[in-house]
Structure formats: structure tokens, C-alpha cells
Amino acid sequence: MTLSAAFVGLGAMGAPMAHNLHRAGQLTSVWNRSREKTDLFIREHSSVSAAANPARLAEQAQVIITCVSADADLAEIVELLLPGLDAQSIVVDCSTVSRATATAAAVRVATRGAGFLDAPVSGGVEGARHASLAMMVGGDAELLAQVRPLLQSLAARIEHMGPVGSGQATKAVNQIMAAGINQAVSEALAFASAQQLPLEKVIDVVGSGAAANWFLKHRGSSMVADSFAPGFKVALHHKDLLICKQMAEEFDVALPIVEMTLVHYRRLMAAGFGDEDISALFREKIALFRRT
């Protein structure tokens with residue numbers, strides 16, 4: 001059976017993901033809280049309809065994919081979807097929220113007999129555009145098997161991680177690791193600059209050895225050129241790291257890299273750089289060397 005999807009949330013990640021579903025002939029309708037983004041998407045994808053509200057959207061496809069910014073946003077959207085859900089509906093949430101929020105959303109969706117998968121993604125805007133995302137899924141494995149053909153239009157890697165909430169827990173691992181990598185790469189390149197090394201050569205040679213990583217490859221050159229177009233916004237990673245911190249506190253454990261990154265991100269946001277890519281952390285690191 002060919003599945004169709006409806007999409008909620010046409011932000012930096014959601015819009016290209018919805019585009020890929022449209023390109024695969026799987027998208028029926030969209031809805032976004034900001035009508036301007038909906039109108040822009042419809043102008044570019046004339047065969048897709050703009051739903052009047054989330055409940056109507058849920059009536060127009062078996063699979064409803066959501067991609068919103070924060071826990072409260074997801075909770076609100078789920079409540080708005082509920083009247084349009086039935087036992088045939090499957091909600092797939094690609095937002096990054098807490099494990100508890102994903103579990104609560106699944107409980108609410110189940111009151112209508114519908115299924116729920118938490119399926120956060122990693123790969124940034126580039127991955128969303130090129131359908132090369134990594135997707136970490138929590139929920140019933142048979143439910144995932146039903147929607148996997150559709151999700152393959154969005155992600156190159158789709159991995160079942162366990163029951164509902166496991167996708168978000170895995171994404172938290174990803175976000176902690178991303179913070180550490182960002183810290184290491186931005187600090188190392190600021191150090192290289194202070195040593196008056198040719199930075200492009202540094203990026204090339206170090207990226208060919210044991211320290212090679214995705215962030216250095218995809219953000220190194222733009223970082224040292226003082227170009228910080230997102231990507232993945234500082235403010236959003238800050239939000240995600242607060243979730244990670246909260247999850248760790250349940251075990252009475254501190255996450256030093258997370259704590260340090262939160263401090264640095266707060267400084268960047270206070271300086272007006274919250275909508276820049278997280279590689280803007282280089283601003284903080286290079287400033288340290290320039291003070292001496």
C-alpha cells in the first residue's frame with residue numbers, strides 16, 4: 001500500500017523535508033503556524049494543499065509528520081491534531097524534544113487509537129535538503145516497518161532504537177557529542193590562528209588524519225572565513241542542551257561539556273548571534289586569543 005503524508009512545521013528543517021516528500025509523490029497537505037511559510041511552500045508546490053488547521057490536515061493522510069522547535073510546540077500541535085486522528089493514523093514526530101514530552105505525546109495520540117513514533121533527525125539543513133538525514137526512531141517496530149518506505153524519502157539512515165522516547169534519548173546523545181566536537185574544532189582552529197598557521201591547509205591536513213570529523217569538513221572553512229549561516233542555530237542547540245542537562249540531572253550527574261557550551265551559547269545569544277550556525281562558537285574562541 002502506498003502511504004501519503006501530511007506535514008506540520010515548515011521551518012529550516014521541515015520545509016526541505018516536506019519538499020522531498022512532495023518530490024516522491026507522497027505529500028498531500030501542509031500546515032504551519034506562520035501562514036507566510038505555508039503560502040510560500042504552496043506557491044512552489046502547487047499540487048499540495050494548505051490545510052485549514054491541524055485537525056483537517058490529519059484527516060487528509062494516514063501519516064502525519066511533525067517538525068517543530070520546542071516541547072511546548074509539540075504538545076500544542078498534538079492537541080490540535082487529535083480531532084482529526086483515528087485508528088489508521090500514524091504520527092511521526094521529527095522534532096527534538098525531551099523523552100518525557102515524546103512519551104506524553106504518544107499517550108495523547110493513543111487516546112484516538114492512533115500510533116506514534118518519535119523520530120528526531122541529525123544532519124542539519126544540508127541533510128534535510130539532500131534527504132541524507134540520520135533518523136533515530138522510538139516506538140513500535142511494526143509501526144516503523146509500515147512507514148519506513150515513506151521515511152526513506154527523508155533519511156538515508158533509519159534506525160529503530162527501542163520504545164517511544166528512545167529516539168529522543170539517542171538524539172540527546174547526538175547533541176552532547178555535537179557540543180564536544182564544536183568545542184574541540186572551534187578551539188583548535190582558534191589556536192591555529194593564534195599560531196599564524198595557514199588555516200585552510202590546517203583544515204585539509206588535520207581532516208585527513210585521526211582528528212577528521214564531519215564538523216571540521218563541513219564547517220571548518222566557513223568558520224575561519226567568519227561565515228556562520230545555519231546549519232544548525234545556536235539558539236536551537238542551546239535549547240537541546242538544556243534538555244540533555246535536565247535528563248542527566250535525573251541521575252544526579254553533571255555534563256561538563258554541556259555546561260560549558262551552554263555558557264558560551266548564552267554569551268553568543270546575548271550578543272545577537274543566536275540565529276547563526278553553532279560554528280559561531282569560533283567567535284568566542286578566537287576572542288580569547290585576541291585578548292592576550
# chains A, B, ... in the order shown; residues from 1 in each chain; ligands from 1

$ residues_around --residues "range 83-86 of chain A" --least-positions-apart "2" --cutoff "10 Å" --atoms "only C-alpha atoms" --output "PyMOL selection string"
chain A and resi 53-64+78-81+88-91+109-115

$ residues_around --residues "Pro16 in chain A" --least-positions-apart "5" --cutoff "12 Å" --atoms "only C-alpha atoms" --output "list in words"
Phe7, Gly9, Leu10, Gly11, Leu21, His22, Arg23, Phe41, Glu44, His45, Cys67, Gly124, Val125, Glu126, Gly127, Ala128, Arg129, His130, Ala131, Ser132, Leu133, Ser153, Leu154 and Ala155 of chain A

$ write_last_selection --atoms "N, CA and C atoms" --output "compact mmCIF listing (two decimals), in the first residue's frame"
# COMPACT_ATOMS: atom_id res chain seq x y z
N PHE A 7 2.26 17.23 6.47
CA PHE A 7 3.44 17.73 7.19
C PHE A 7 3.09 18.99 7.98
N GLY A 9 4.93 22.00 10.15
CA GLY A 9 6.18 22.65 10.53
C GLY A 9 7.09 22.86 9.34
N LEU A 10 7.07 24.05 8.77
CA LEU A 10 7.84 24.33 7.55
C LEU A 10 9.00 25.28 7.83
N GLY A 11 9.75 24.97 8.87
CA GLY A 11 10.92 25.76 9.22
C GLY A 11 12.13 25.36 8.41
N LEU A 21 9.30 14.88 0.35
CA LEU A 21 8.09 14.05 0.29
C LEU A 21 7.28 14.39 -0.96
N HIS A 22 7.19 15.68 -1.26
CA HIS A 22 6.47 16.10 -2.48
C HIS A 22 7.14 15.54 -3.72
N ARG A 23 8.46 15.63 -3.76
CA ARG A 23 9.20 15.13 -4.92
C ARG A 23 8.97 13.63 -5.13
N PHE A 41 5.37 27.80 0.53
CA PHE A 41 5.51 26.39 0.14
C PHE A 41 4.50 26.01 -0.92
N GLU A 44 5.31 27.09 -4.39
CA GLU A 44 6.37 26.30 -5.02
C GLU A 44 5.97 24.84 -5.25
N HIS A 45 4.86 24.41 -4.63
CA HIS A 45 4.41 23.02 -4.73
C HIS A 45 2.89 23.04 -4.93
N CYS A 67 7.43 18.57 12.69
CA CYS A 67 8.81 19.03 12.88
C CYS A 67 8.74 20.46 13.42
N GLY A 124 21.48 18.30 9.94
CA GLY A 124 21.37 19.72 9.63
C GLY A 124 20.55 20.00 8.39
N VAL A 125 20.56 21.28 8.02
CA VAL A 125 19.78 21.71 6.85
C VAL A 125 20.26 21.01 5.59
N GLU A 126 21.59 20.80 5.50
CA GLU A 126 22.10 20.10 4.31
C GLU A 126 21.50 18.71 4.20
N GLY A 127 21.47 18.01 5.33
CA GLY A 127 20.91 16.66 5.33
C GLY A 127 19.43 16.66 4.99
N ALA A 128 18.71 17.67 5.47
CA ALA A 128 17.28 17.77 5.15
C ALA A 128 17.08 18.01 3.66
N ARG A 129 17.91 18.88 3.09
CA ARG A 129 17.78 19.18 1.66
C ARG A 129 18.09 17.97 0.79
N HIS A 130 19.10 17.22 1.18
CA HIS A 130 19.59 16.12 0.33
C HIS A 130 19.01 14.76 0.74
N ALA A 131 18.07 14.76 1.68
CA ALA A 131 17.46 13.52 2.15
C ALA A 131 18.51 12.54 2.65
N SER A 132 19.55 13.07 3.28
CA SER A 132 20.64 12.25 3.79
C SER A 132 20.68 12.22 5.32
N LEU A 133 19.56 12.56 5.95
CA LEU A 133 19.48 12.61 7.40
C LEU A 133 19.68 11.23 8.03
N SER A 153 12.22 8.68 2.01
CA SER A 153 12.29 9.89 1.19
C SER A 153 12.94 11.04 1.96
N LEU A 154 13.11 10.86 3.28
CA LEU A 154 13.66 11.91 4.13
C LEU A 154 15.06 11.61 4.65
N ALA A 155 15.36 10.34 4.88
CA ALA A 155 16.58 9.97 5.60
C ALA A 155 17.32 8.84 4.91

$ closest_atom_pairs --of "range 125-183 of chain A" --to "range 261-281 of chain A" --cutoff "10 Å" --atoms "only C-alpha atoms" --output "CSV"
residue,atom,partner,partner_atom,distance
A:Ile176,CA,A:Thr261,CA,9.6
A:Ala178,CA,A:Ile278,CA,9.5
A:Ala179,CA,A:Thr261,CA,6.6
A:Gly180,CA,A:Thr261,CA,8.2
A:Asn182,CA,A:Ser279,CA,6.6
A:Gln183,CA,A:Leu281,CA,7.4

$ write_last_selection --atoms "N, CA and C atoms" --output "CSV table (one decimal), in the first residue's frame"
chain,number,residue,atom,x,y,z
A,176,ILE,N,24.9,16.1,22.7
A,176,ILE,CA,26.0,16.2,23.6
A,176,ILE,C,27.3,16.0,22.9
A,178,ALA,N,27.8,16.5,19.7
A,178,ALA,CA,28.0,17.7,18.8
A,178,ALA,C,28.5,18.9,19.5
A,179,ALA,N,28.1,19.1,20.8
A,179,ALA,CA,28.7,20.1,21.6
A,179,ALA,C,30.2,20.0,21.8
A,180,GLY,N,30.6,18.7,22.1
A,180,GLY,CA,32.0,18.5,22.3
A,180,GLY,C,32.8,18.7,21.1
A,182,ASN,N,32.0,20.6,18.5
A,182,ASN,CA,32.0,22.0,18.2
A,182,ASN,C,33.1,22.7,19.1
A,183,GLN,N,33.1,22.4,20.4
A,183,GLN,CA,34.1,23.0,21.3
A,183,GLN,C,35.6,22.7,20.8

$ closest_residue --among "A:Ser34, A:Thr101, A:Gln146, A:Ser166" --to "Ala50 in chain A" --atoms "only C-alpha atoms"
A:Ser34

$ closest_atom_pairs --of "range 97-147 of chain A" --to "range 69-77 of chain A" --cutoff "8 Å" --atoms "only C-alpha atoms" --output "CSV"
residue,atom,partner,partner_atom,distance
A:Val97,CA,A:Asp71,CA,5.2
A:Ser98,CA,A:Asp71,CA,6.9
A:Thr101,CA,A:Asp71,CA,6.3
A:Ala105,CA,A:Ala75,CA,6.6

$ residues_around --residues "Val202 in chain A" --least-positions-apart "4" --cutoff "9 Å" --atoms "only C-alpha atoms" --output "ChimeraX atom specification"
/A:189,192,197-198,206-207

$ atom_distance --atom1 "CA of Arg290 in chain A" --atom2 "CA of Gln195 in chain A"
11.6 Å

$ closest_residue --among "A:Ile181, A:Ala106, A:Gln26, A:Ala119" --to "Met161 in chain A" --atoms "only C-alpha atoms"
A:Ala119
